[in-house]
Amino acid sequence: MKYRQLGRDGPSVSAISMGRGSQAIRFDDAPMVEAFNATIRRAWELGINFFDSSDAYWGTRHEVLLGRAIKGFRDQVLISSKFGNIDLPDGRKATNGRPEYVFQCCDASLKRMDVDVIDVYYLHRVDPAVPIEETVGAMARLIDQGKIRHIGLCEAGAATLRRAHRAHPIAALQTEYSLWFREVERDILPACRELGIAYVAYAPLGRGLLTGRIKTVDDLPPNDRRRRHPRFQPENLARNVKLVEALEAVARGQGVTAAQLALAWMLAQGEDIVPIPGTSHVKNVELNAAAADIRLSPESVARLSEIFAIGAGAGKRYNERLLQGMGL
Ligand SMILES: NC(=O)c1ccc[n+]([C@@H]2O[C@H](COP(=O)([O-])OP(=O)(O)OC[C@H]3O[C@@H](n4cnc5c(N)ncnc54)[C@H](OP(=O)(O)O)[C@@H]3O)[C@@H](O)[C@H]2O)c1
């Protein structure tokens, strides 16, 4: 495994780090819990040392399961969690960046994960009703209290990121980035670079699209959330699959999988990019970890950038309502 520094003063994290995984797990589903533990353990064995979580994942169960899964090697890995992206009972979303809520959520996450400190604590969505300085100020107090080590934001706009960074150094921005979604190269990625903030790339496999495994909507489980995402709607998906076929052709030529090639392209975009692919399968953990060692020629990188030029993909990554809460 190769390692990259998270921000100017942050820790060294694996170039390929680890997302939450695609299938929500119940505590009483012993085989699934066992499979989850196996992915985390295998990742650690392969040198992956940065594991993503949030109090919004799997109804908070992900934090509990991750905390349990890393018990034997907690001191050798870094964990992140997030707060402030709230699923309301009626299905709507809410945000909360108020200081008292920050303190309350952090204590709850520490307890669920059964750890003394969270290595990177992210604001999951910017709360437009609370000045970012107040939220980040509260997060900085958590550092003083020894409850978190580094501060991150998710899906923030460049102006907010600058203000936040003035209030307290931000180690990482976690926002979507992949061959399929490159709009961030226009503004937020340059802002991160100017400020020395690492870019933790979520959905680096385009939510599975870039693996080549999804050719039609029928390839998605019946109640899968992606069925509601614009880019997975039948017409858009058909256009996106054409792009992925080109990716698969390049991958075949290099003797790697489409997913590995997509990750290798991401790593070639800069030392400050840390993709966090999510998987529920040990085999895919292994394939993803191996992508850190793929050397792409400048011609291959350019070829992929050309196939997946900004605007080449069809359909937005979220619906309009959710997009309104991003880039704030
Ligand atoms: N901050 C935020 O707002 C935010 C939002 C979304 C996600 N995230 C984080 O980012 C992580 C990654 O995003 P994501 O999981 O949505 O999307 P992703 O990583 O782009 O894609 C995940 C999908 O790819 C499949 N996959 C993974 N590795 C593969 C491989 N080597 N070969 C074939 N298929 C593979 C997975 O299926 P299998 O399980 O079958 O391998 C899963 O269906 C999440 O897990 C989460 O931690 C953050």
# chains A, B, ... in the order shown; residues from 1 in each chain; ligands from 1
$ closest_atom_pairs --of "chain A" --to "ligand 1" --cutoff "7 Å" --atoms "only C-alpha atoms and all ligand atoms" --output "Markdown table"
| residue | atom | partner | partner_atom_place_in_ligand_line | distance |
| --- | --- | --- | --- | --- |
| A:Met18 | CA | ligand 1 | 47 (O) | 7.0 |
| A:Gly19 | CA | ligand 1 | 47 (O) | 3.4 |
| A:Arg20 | CA | ligand 1 | 45 (O) | 3.6 |
| A:Gly21 | CA | ligand 1 | 45 (O) | 4.6 |
| A:Ser22 | CA | ligand 1 | 39 (O) | 4.8 |
| A:Gln23 | CA | ligand 1 | 39 (O) | 6.7 |
| A:Asp52 | CA | ligand 1 | 47 (O) | 5.0 |
| A:Ser53 | CA | ligand 1 | 47 (O) | 5.8 |
| A:His124 | CA | ligand 1 | 1 (N) | 5.8 |
| A:Cys154 | CA | ligand 1 | 1 (N) | 5.2 |
| A:Glu155 | CA | ligand 1 | 3 (O) | 6.6 |
| A:Gln174 | CA | ligand 1 | 1 (N) | 5.5 |
| A:Thr175 | CA | ligand 1 | 1 (N) | 5.8 |
| A:Glu176 | CA | ligand 1 | 5 (C) | 7.0 |
| A:Tyr202 | CA | ligand 1 | 10 (O) | 3.8 |
| A:Ala203 | CA | ligand 1 | 20 (O) | 3.1 |
| A:Pro204 | CA | ligand 1 | 20 (O) | 4.2 |
| A:Leu205 | CA | ligand 1 | 20 (O) | 3.2 |
| A:Gly206 | CA | ligand 1 | 20 (O) | 4.1 |
| A:Arg207 | CA | ligand 1 | 20 (O) | 3.5 |
| A:Gly208 | CA | ligand 1 | 24 (O) | 3.5 |
| A:Thr211 | CA | ligand 1 | 33 (C) | 4.9 |
| A:Arg213 | CA | ligand 1 | 33 (C) | 6.9 |
| A:Ala259 | CA | ligand 1 | 31 (N) | 5.3 |
| A:Gln260 | CA | ligand 1 | 31 (N) | 6.3 |
| A:Ile276 | CA | ligand 1 | 11 (C) | 5.3 |
| A:Pro277 | CA | ligand 1 | 19 (O) | 3.3 |
| A:Gly278 | CA | ligand 1 | 15 (O) | 3.7 |
| A:Thr279 | CA | ligand 1 | 39 (O) | 3.5 |
| A:Ser280 | CA | ligand 1 | 39 (O) | 3.8 |
| A:His281 | CA | ligand 1 | 41 (O) | 5.1 |
| A:Asn284 | CA | ligand 1 | 31 (N) | 4.0 |
| A:Val285 | CA | ligand 1 | 31 (N) | 6.5 |
| A:Leu287 | CA | ligand 1 | 31 (N) | 5.0 |
| A:Asn288 | CA | ligand 1 | 31 (N) | 5.0 |
$ residues_around --residues "Ala35 (chain A)" --least-positions-apart "3" --cutoff "9 Å" --atoms "only C-alpha atoms" --output "NGL selection string"
:A and (30-32 or 38-40 or 280-282)
$ residues_around --residues "Leu263 (chain A)" --least-positions-apart "5" --cutoff "10 Å" --atoms "only C-alpha atoms" --output "PyMOL selection string"
chain A and resi 15-16+178-179+204-205+210+257-258+268+274-277+288-292+294
$ write_last_selection --atoms "N, CA and C atoms" --output "JSON list (two decimals), in the first residue's frame"
[["chain", "number", "residue", "atom", "x", "y", "z"],
["A", 15, "ALA", "N", -3.44, 5.30, 0.35],
["A", 15, "ALA", "CA", -3.85, 5.94, -0.90],
["A", 15, "ALA", "C", -5.24, 5.47, -1.29],
["A", 16, "ILE", "N", -5.50, 4.18, -1.11],
["A", 16, "ILE", "CA", -6.87, 3.68, -1.24],
["A", 16, "ILE", "C", -7.36, 3.46, 0.19],
["A", 178, "SER", "N", -14.98, 11.31, -9.32],
["A", 178, "SER", "CA", -14.66, 10.08, -10.06],
["A", 178, "SER", "C", -14.52, 10.46, -11.52],
["A", 179, "LEU", "N", -14.12, 9.51, -12.32],
["A", 179, "LEU", "CA", -14.10, 9.72, -13.77],
["A", 179, "LEU", "C", -15.45, 10.23, -14.23],
["A", 204, "PRO", "N", -15.93, 6.96, -5.60],
["A", 204, "PRO", "CA", -14.92, 7.00, -6.67],
["A", 204, "PRO", "C", -15.21, 6.03, -7.81],
["A", 205, "LEU", "N", -16.13, 5.09, -7.54],
["A", 205, "LEU", "CA", -16.53, 4.16, -8.60],
["A", 205, "LEU", "C", -17.90, 4.53, -9.15],
["A", 210, "LEU", "N", -18.93, 2.60, -12.55],
["A", 210, "LEU", "CA", -17.63, 2.47, -13.22],
["A", 210, "LEU", "C", -17.02, 1.07, -13.07],
["A", 257, "THR", "N", -9.08, -4.49, -13.90],
["A", 257, "THR", "CA", -10.54, -4.37, -14.02],
["A", 257, "THR", "C", -10.90, -2.90, -14.24],
["A", 258, "ALA", "N", -12.13, -2.69, -14.69],
["A", 258, "ALA", "CA", -12.60, -1.31, -14.91],
["A", 258, "ALA", "C", -12.55, -0.52, -13.60],
["A", 268, "ALA", "N", -3.91, 9.14, -9.98],
["A", 268, "ALA", "CA", -3.02, 9.90, -10.89],
["A", 268, "ALA", "C", -3.37, 11.39, -10.94],
["A", 274, "VAL", "N", -7.61, 11.10, -2.02],
["A", 274, "VAL", "CA", -7.72, 9.82, -1.30],
["A", 274, "VAL", "C", -9.10, 9.22, -1.58],
["A", 275, "PRO", "N", -9.19, 8.27, -2.51],
["A", 275, "PRO", "CA", -10.49, 7.65, -2.79],
["A", 275, "PRO", "C", -10.91, 6.68, -1.67],
["A", 276, "ILE", "N", -12.20, 6.64, -1.41],
["A", 276, "ILE", "CA", -12.72, 5.71, -0.38],
["A", 276, "ILE", "C", -13.80, 4.82, -0.99],
["A", 277, "PRO", "N", -13.42, 3.88, -1.88],
["A", 277, "PRO", "CA", -14.43, 3.00, -2.45],
["A", 277, "PRO", "C", -15.13, 2.19, -1.35],
["A", 288, "ASN", "N", -9.34, -3.45, -4.97],
["A", 288, "ASN", "CA", -9.22, -2.00, -4.79],
["A", 288, "ASN", "C", -7.86, -1.64, -4.20],
["A", 289, "ALA", "N", -7.43, -2.42, -3.22],
["A", 289, "ALA", "CA", -6.11, -2.14, -2.61],
["A", 289, "ALA", "C", -5.01, -2.26, -3.67],
["A", 290, "ALA", "N", -5.14, -3.24, -4.55],
["A", 290, "ALA", "CA", -4.12, -3.47, -5.58],
["A", 290, "ALA", "C", -4.06, -2.30, -6.57],
["A", 291, "ALA", "N", -5.16, -1.57, -6.69],
["A", 291, "ALA", "CA", -5.18, -0.43, -7.63],
["A", 291, "ALA", "C", -4.14, 0.63, -7.25],
["A", 292, "ALA", "N", -3.74, 0.66, -5.97],
["A", 292, "ALA", "CA", -2.74, 1.65, -5.54],
["A", 292, "ALA", "C", -1.41, 1.43, -6.24],
["A", 294, "ILE", "N", -1.09, 0.30, -9.45],
["A", 294, "ILE", "CA", -1.16, 0.36, -10.92],
["A", 294, "ILE", "C", -0.50, 1.65, -11.41]]
$ atom_distance --atom1 "CA of Ala43 (chain A)" --atom2 "CA of Tyr3 (chain A)"
13.9 Å
$ select_by_dssp --residues "region 43-290 of chain A" --states "helix (DSSP H, G or I)" --output "PyMOL selection string"
chain A and resi 43-45+57-69+71-76+99-113+132-144+158-167+183-185+188-195+206-211+217-219+225-228+230-232+234-254+258-267+282-290
$ write_last_selection --atoms "C-alpha atoms" --output "tab-separated table (two decimals), in the first residue's frame"
chain	number	residue	atom	x	y	z
A	43	ALA	CA	-8.35	-4.12	4.38
A	44	TRP	CA	-6.17	-3.65	7.47
A	45	GLU	CA	-4.01	-6.65	6.49
A	57	TYR	CA	-24.99	5.28	7.99
A	58	TRP	CA	-27.27	2.32	8.48
A	59	GLY	CA	-29.26	4.14	11.17
A	60	THR	CA	-26.04	4.61	13.23
A	61	ARG	CA	-25.28	0.85	13.11
A	62	HIS	CA	-22.26	1.36	10.86
A	63	GLU	CA	-20.41	3.24	13.61
A	64	VAL	CA	-21.11	0.43	16.07
A	65	LEU	CA	-20.05	-2.31	13.65
A	66	LEU	CA	-16.91	-0.46	12.55
A	67	GLY	CA	-15.91	0.16	16.18
A	68	ARG	CA	-16.30	-3.56	16.90
A	69	ALA	CA	-14.51	-4.64	13.71
A	71	LYS	CA	-11.11	-3.66	18.13
A	72	GLY	CA	-7.96	-5.74	17.71
A	73	PHE	CA	-6.04	-3.07	15.79
A	74	ARG	CA	-7.60	0.29	16.71
A	75	ASP	CA	-4.19	1.82	17.43
A	76	GLN	CA	-3.02	1.06	13.88
A	99	PRO	CA	-22.49	24.00	18.40
A	100	GLU	CA	-24.55	22.22	21.05
A	101	TYR	CA	-25.54	19.61	18.45
A	102	VAL	CA	-21.87	19.13	17.43
A	103	PHE	CA	-20.92	18.29	21.04
A	104	GLN	CA	-23.90	15.99	21.50
A	105	CYS	CA	-23.25	14.08	18.24
A	106	CYS	CA	-19.55	13.62	18.90
A	107	ASP	CA	-20.18	12.12	22.34
A	108	ALA	CA	-22.79	9.80	20.84
A	109	SER	CA	-20.42	8.68	18.04
A	110	LEU	CA	-17.53	8.07	20.45
A	111	LYS	CA	-19.84	5.94	22.55
A	112	ARG	CA	-21.21	3.96	19.59
A	113	MET	CA	-17.76	3.28	18.18
A	132	ILE	CA	-19.62	27.89	9.39
A	133	GLU	CA	-17.29	29.60	11.89
A	134	GLU	CA	-19.64	28.58	14.70
A	135	THR	CA	-19.79	24.94	13.64
A	136	VAL	CA	-16.04	24.70	13.03
A	137	GLY	CA	-15.40	26.62	16.26
A	138	ALA	CA	-17.28	23.90	18.14
A	139	MET	CA	-15.34	21.20	16.29
A	140	ALA	CA	-12.09	22.95	17.27
A	141	ARG	CA	-13.22	22.75	20.91
A	142	LEU	CA	-13.57	18.99	20.41
A	143	ILE	CA	-9.91	18.89	19.36
A	144	ASP	CA	-8.97	20.81	22.53
A	158	ALA	CA	-15.31	26.92	-2.03
A	159	ALA	CA	-16.32	30.11	-0.16
A	160	THR	CA	-17.48	28.12	2.88
A	161	LEU	CA	-14.31	26.04	2.81
A	162	ARG	CA	-12.18	29.19	2.87
A	163	ARG	CA	-14.12	30.65	5.80
A	164	ALA	CA	-13.98	27.35	7.67
A	165	HIS	CA	-10.23	27.06	7.10
A	166	ARG	CA	-9.71	30.56	8.49
A	167	ALA	CA	-11.60	29.55	11.65
A	183	GLU	CA	-17.10	18.97	-12.18
A	184	VAL	CA	-15.17	19.43	-8.91
A	185	GLU	CA	-12.01	20.01	-10.96
A	188	ILE	CA	-13.58	23.01	-5.27
A	189	LEU	CA	-10.52	20.88	-6.03
A	190	PRO	CA	-8.41	23.96	-6.91
A	191	ALA	CA	-9.63	25.61	-3.68
A	192	CYS	CA	-8.55	22.55	-1.67
A	193	ARG	CA	-5.15	22.68	-3.34
A	194	GLU	CA	-4.69	26.36	-2.65
A	195	LEU	CA	-5.53	25.82	1.03
A	206	GLY	CA	-19.55	6.26	-9.50
A	207	ARG	CA	-21.65	4.24	-7.03
A	208	GLY	CA	-20.75	1.08	-8.90
A	209	LEU	CA	-21.35	2.45	-12.39
A	210	LEU	CA	-17.63	2.47	-13.22
A	211	THR	CA	-17.21	-1.19	-12.28
A	217	VAL	CA	-31.60	-0.78	-14.14
A	218	ASP	CA	-32.46	-4.46	-13.62
A	219	ASP	CA	-28.91	-5.01	-12.38
A	225	ARG	CA	-31.42	3.96	-3.72
A	226	ARG	CA	-29.58	4.31	-7.02
A	227	ARG	CA	-32.85	3.58	-8.82
A	228	ARG	CA	-33.83	7.13	-7.80
A	230	PRO	CA	-30.88	10.59	-12.29
A	231	ARG	CA	-27.77	8.97	-13.78
A	232	PHE	CA	-29.23	5.49	-13.26
A	234	PRO	CA	-32.81	4.06	-18.11
A	235	GLU	CA	-31.98	6.63	-20.82
A	236	ASN	CA	-29.11	8.17	-18.89
A	237	LEU	CA	-27.82	4.79	-17.83
A	238	ALA	CA	-27.71	3.60	-21.44
A	239	ARG	CA	-25.50	6.59	-22.34
A	240	ASN	CA	-23.32	6.13	-19.26
A	241	VAL	CA	-22.85	2.44	-19.98
A	242	LYS	CA	-21.39	3.40	-23.39
A	243	LEU	CA	-18.68	5.39	-21.58
A	244	VAL	CA	-18.06	2.51	-19.20
A	245	GLU	CA	-17.64	0.15	-22.15
A	246	ALA	CA	-14.80	2.37	-23.33
A	247	LEU	CA	-13.32	2.20	-19.81
A	248	GLU	CA	-13.61	-1.60	-19.87
A	249	ALA	CA	-11.81	-1.74	-23.22
A	250	VAL	CA	-8.87	0.29	-21.85
A	251	ALA	CA	-8.86	-1.87	-18.69
A	252	ARG	CA	-8.68	-5.07	-20.74
A	253	GLY	CA	-5.69	-3.66	-22.59
A	254	GLN	CA	-3.94	-3.01	-19.27
A	258	ALA	CA	-12.60	-1.31	-14.91
A	259	ALA	CA	-12.96	-0.47	-11.20
A	260	GLN	CA	-9.20	-0.68	-10.68
A	261	LEU	CA	-8.56	1.52	-13.69
A	262	ALA	CA	-11.06	4.10	-12.40
A	263	LEU	CA	-9.24	4.16	-9.04
A	264	ALA	CA	-5.80	4.34	-10.67
A	265	TRP	CA	-6.98	7.32	-12.74
A	266	MET	CA	-8.12	9.02	-9.52
A	267	LEU	CA	-4.77	8.47	-7.82
A	282	VAL	CA	-13.30	-9.18	0.53
A	283	LYS	CA	-12.38	-9.89	-3.08
A	284	ASN	CA	-13.19	-6.30	-4.04
A	285	VAL	CA	-11.23	-4.96	-1.06
A	286	GLU	CA	-8.25	-6.84	-2.47
A	287	LEU	CA	-8.79	-5.57	-6.02
A	288	ASN	CA	-9.22	-2.00	-4.79
A	289	ALA	CA	-6.11	-2.14	-2.61
A	290	ALA	CA	-4.12	-3.47	-5.58
$ select_by_dssp --residues "region 46-279 of chain A" --states "strand (DSSP E or B)" --output "ChimeraX atom specification"
/A:50-51,78-83,85-87,93-95,118-123,148-154,172-176,198-202,273-275
$ write_last_selection --atoms "N, CA and C atoms" --output "CSV table (one decimal), in the first residue's frame"
chain,number,residue,atom,x,y,z
A,50,PHE,N,-7.5,3.8,6.8
A,50,PHE,CA,-8.4,4.9,7.0
A,50,PHE,C,-9.8,4.4,6.7
A,51,PHE,N,-10.7,4.4,7.7
A,51,PHE,CA,-12.0,3.8,7.5
A,51,PHE,C,-13.1,4.9,7.8
A,78,LEU,N,-7.0,4.7,11.4
A,78,LEU,CA,-7.7,6.0,11.6
A,78,LEU,C,-9.1,5.8,11.2
A,79,ILE,N,-10.0,6.4,12.0
A,79,ILE,CA,-11.4,6.3,11.7
A,79,ILE,C,-12.0,7.7,11.6
A,80,SER,N,-12.9,7.8,10.7
A,80,SER,CA,-13.6,9.1,10.6
A,80,SER,C,-15.1,8.9,10.8
A,81,SER,N,-15.8,9.9,11.3
A,81,SER,CA,-17.2,9.9,11.3
A,81,SER,C,-17.7,11.3,11.0
A,82,LYS,N,-19.0,11.4,10.9
A,82,LYS,CA,-19.6,12.6,10.4
A,82,LYS,C,-20.9,12.9,11.2
A,83,PHE,N,-21.4,14.1,11.2
A,83,PHE,CA,-22.6,14.5,11.9
A,83,PHE,C,-23.3,15.6,11.0
A,85,ASN,N,-26.1,15.4,9.0
A,85,ASN,CA,-26.9,15.1,7.8
A,85,ASN,C,-28.0,14.2,8.3
A,86,ILE,N,-29.2,14.8,8.4
A,86,ILE,CA,-30.2,14.1,9.2
A,86,ILE,C,-31.3,13.6,8.3
A,87,ASP,N,-31.7,12.3,8.5
A,87,ASP,CA,-32.9,11.7,7.8
A,87,ASP,C,-34.1,11.9,8.7
A,93,LYS,N,-34.7,15.5,4.3
A,93,LYS,CA,-33.4,15.7,4.9
A,93,LYS,C,-33.3,16.9,5.7
A,94,ALA,N,-32.5,17.0,6.7
A,94,ALA,CA,-32.2,18.2,7.5
A,94,ALA,C,-30.8,18.3,7.8
A,95,THR,N,-30.3,19.5,8.1
A,95,THR,CA,-28.9,19.7,8.5
A,95,THR,C,-28.9,20.3,9.9
A,118,ILE,N,-12.0,10.3,17.7
A,118,ILE,CA,-12.3,10.1,16.3
A,118,ILE,C,-11.2,10.9,15.5
A,119,ASP,N,-10.5,10.2,14.6
A,119,ASP,CA,-9.3,10.8,13.9
A,119,ASP,C,-9.7,12.0,13.0
A,120,VAL,N,-10.7,11.8,12.2
A,120,VAL,CA,-11.2,12.9,11.4
A,120,VAL,C,-12.7,13.0,11.6
A,121,TYR,N,-13.2,14.1,12.0
A,121,TYR,CA,-14.6,14.3,12.2
A,121,TYR,C,-15.1,15.3,11.2
A,122,TYR,N,-16.1,14.9,10.4
A,122,TYR,CA,-16.6,15.8,9.3
A,122,TYR,C,-18.0,16.3,9.7
A,123,LEU,N,-18.2,17.6,9.2
A,123,LEU,CA,-19.6,18.1,9.1
A,123,LEU,C,-20.1,17.5,7.8
A,148,ILE,N,-11.6,14.6,19.2
A,148,ILE,CA,-11.3,14.4,17.7
A,148,ILE,C,-9.9,14.9,17.4
A,149,ARG,N,-9.4,14.4,16.3
A,149,ARG,CA,-8.0,14.9,16.0
A,149,ARG,C,-8.0,15.9,14.8
A,150,HIS,N,-8.8,15.7,13.8
A,150,HIS,CA,-8.8,16.6,12.7
A,150,HIS,C,-10.2,16.9,12.2
A,151,ILE,N,-10.3,18.0,11.6
A,151,ILE,CA,-11.7,18.5,11.1
A,151,ILE,C,-11.8,18.3,9.6
A,152,GLY,N,-13.0,17.9,9.2
A,152,GLY,CA,-13.3,17.8,7.8
A,152,GLY,C,-14.6,18.3,7.5
A,153,LEU,N,-14.9,18.7,6.2
A,153,LEU,CA,-16.2,19.1,5.8
A,153,LEU,C,-16.6,18.2,4.6
A,154,CYS,N,-17.9,18.1,4.3
A,154,CYS,CA,-18.3,17.3,3.2
A,154,CYS,C,-19.2,18.2,2.3
A,172,ALA,N,-9.4,17.8,5.6
A,172,ALA,CA,-9.9,17.1,4.4
A,172,ALA,C,-11.3,17.6,4.0
A,173,LEU,N,-11.5,17.6,2.7
A,173,LEU,CA,-12.9,17.8,2.2
A,173,LEU,C,-13.3,16.5,1.6
A,174,GLN,N,-14.5,16.0,2.0
A,174,GLN,CA,-15.0,14.8,1.4
A,174,GLN,C,-16.2,15.1,0.5
A,175,THR,N,-16.0,14.9,-0.8
A,175,THR,CA,-17.0,15.2,-1.8
A,175,THR,C,-16.8,14.2,-2.9
A,176,GLU,N,-17.9,14.0,-3.6
A,176,GLU,CA,-17.9,13.0,-4.7
A,176,GLU,C,-16.8,13.4,-5.7
A,198,ALA,N,-6.7,18.1,2.0
A,198,ALA,CA,-6.8,16.8,1.2
A,198,ALA,C,-8.2,16.7,0.6
A,199,TYR,N,-8.3,16.0,-0.5
A,199,TYR,CA,-9.6,15.7,-1.1
A,199,TYR,C,-9.9,14.2,-1.0
A,200,VAL,N,-10.8,13.9,-0.1
A,200,VAL,CA,-11.3,12.5,0.1
A,200,VAL,C,-12.4,12.3,-0.8
A,201,ALA,N,-12.2,11.5,-1.8
A,201,ALA,CA,-13.1,11.3,-2.9
A,201,ALA,C,-14.1,10.2,-2.6
A,202,TYR,N,-15.3,10.6,-2.4
A,202,TYR,CA,-16.4,9.6,-2.2
A,202,TYR,C,-17.0,9.2,-3.5
A,273,ILE,N,-5.3,13.3,-3.4
A,273,ILE,CA,-6.6,12.7,-3.6
A,273,ILE,C,-6.6,11.3,-2.8
A,274,VAL,N,-7.6,11.1,-2.0
A,274,VAL,CA,-7.7,9.8,-1.3
A,274,VAL,C,-9.1,9.2,-1.6
A,275,PRO,N,-9.2,8.3,-2.5
A,275,PRO,CA,-10.5,7.7,-2.8
A,275,PRO,C,-10.9,6.7,-1.7
$ atom_distance --atom1 "CA of Ala309 (chain A)" --atom2 "CA of Asp187 (chain A)"
15.8 Å
$ closest_residue --among "A:Leu304, A:Leu6, A:Val256, A:Met1" --to "Gly196 (chain A)" --atoms "only C-alpha atoms"
A:Leu6
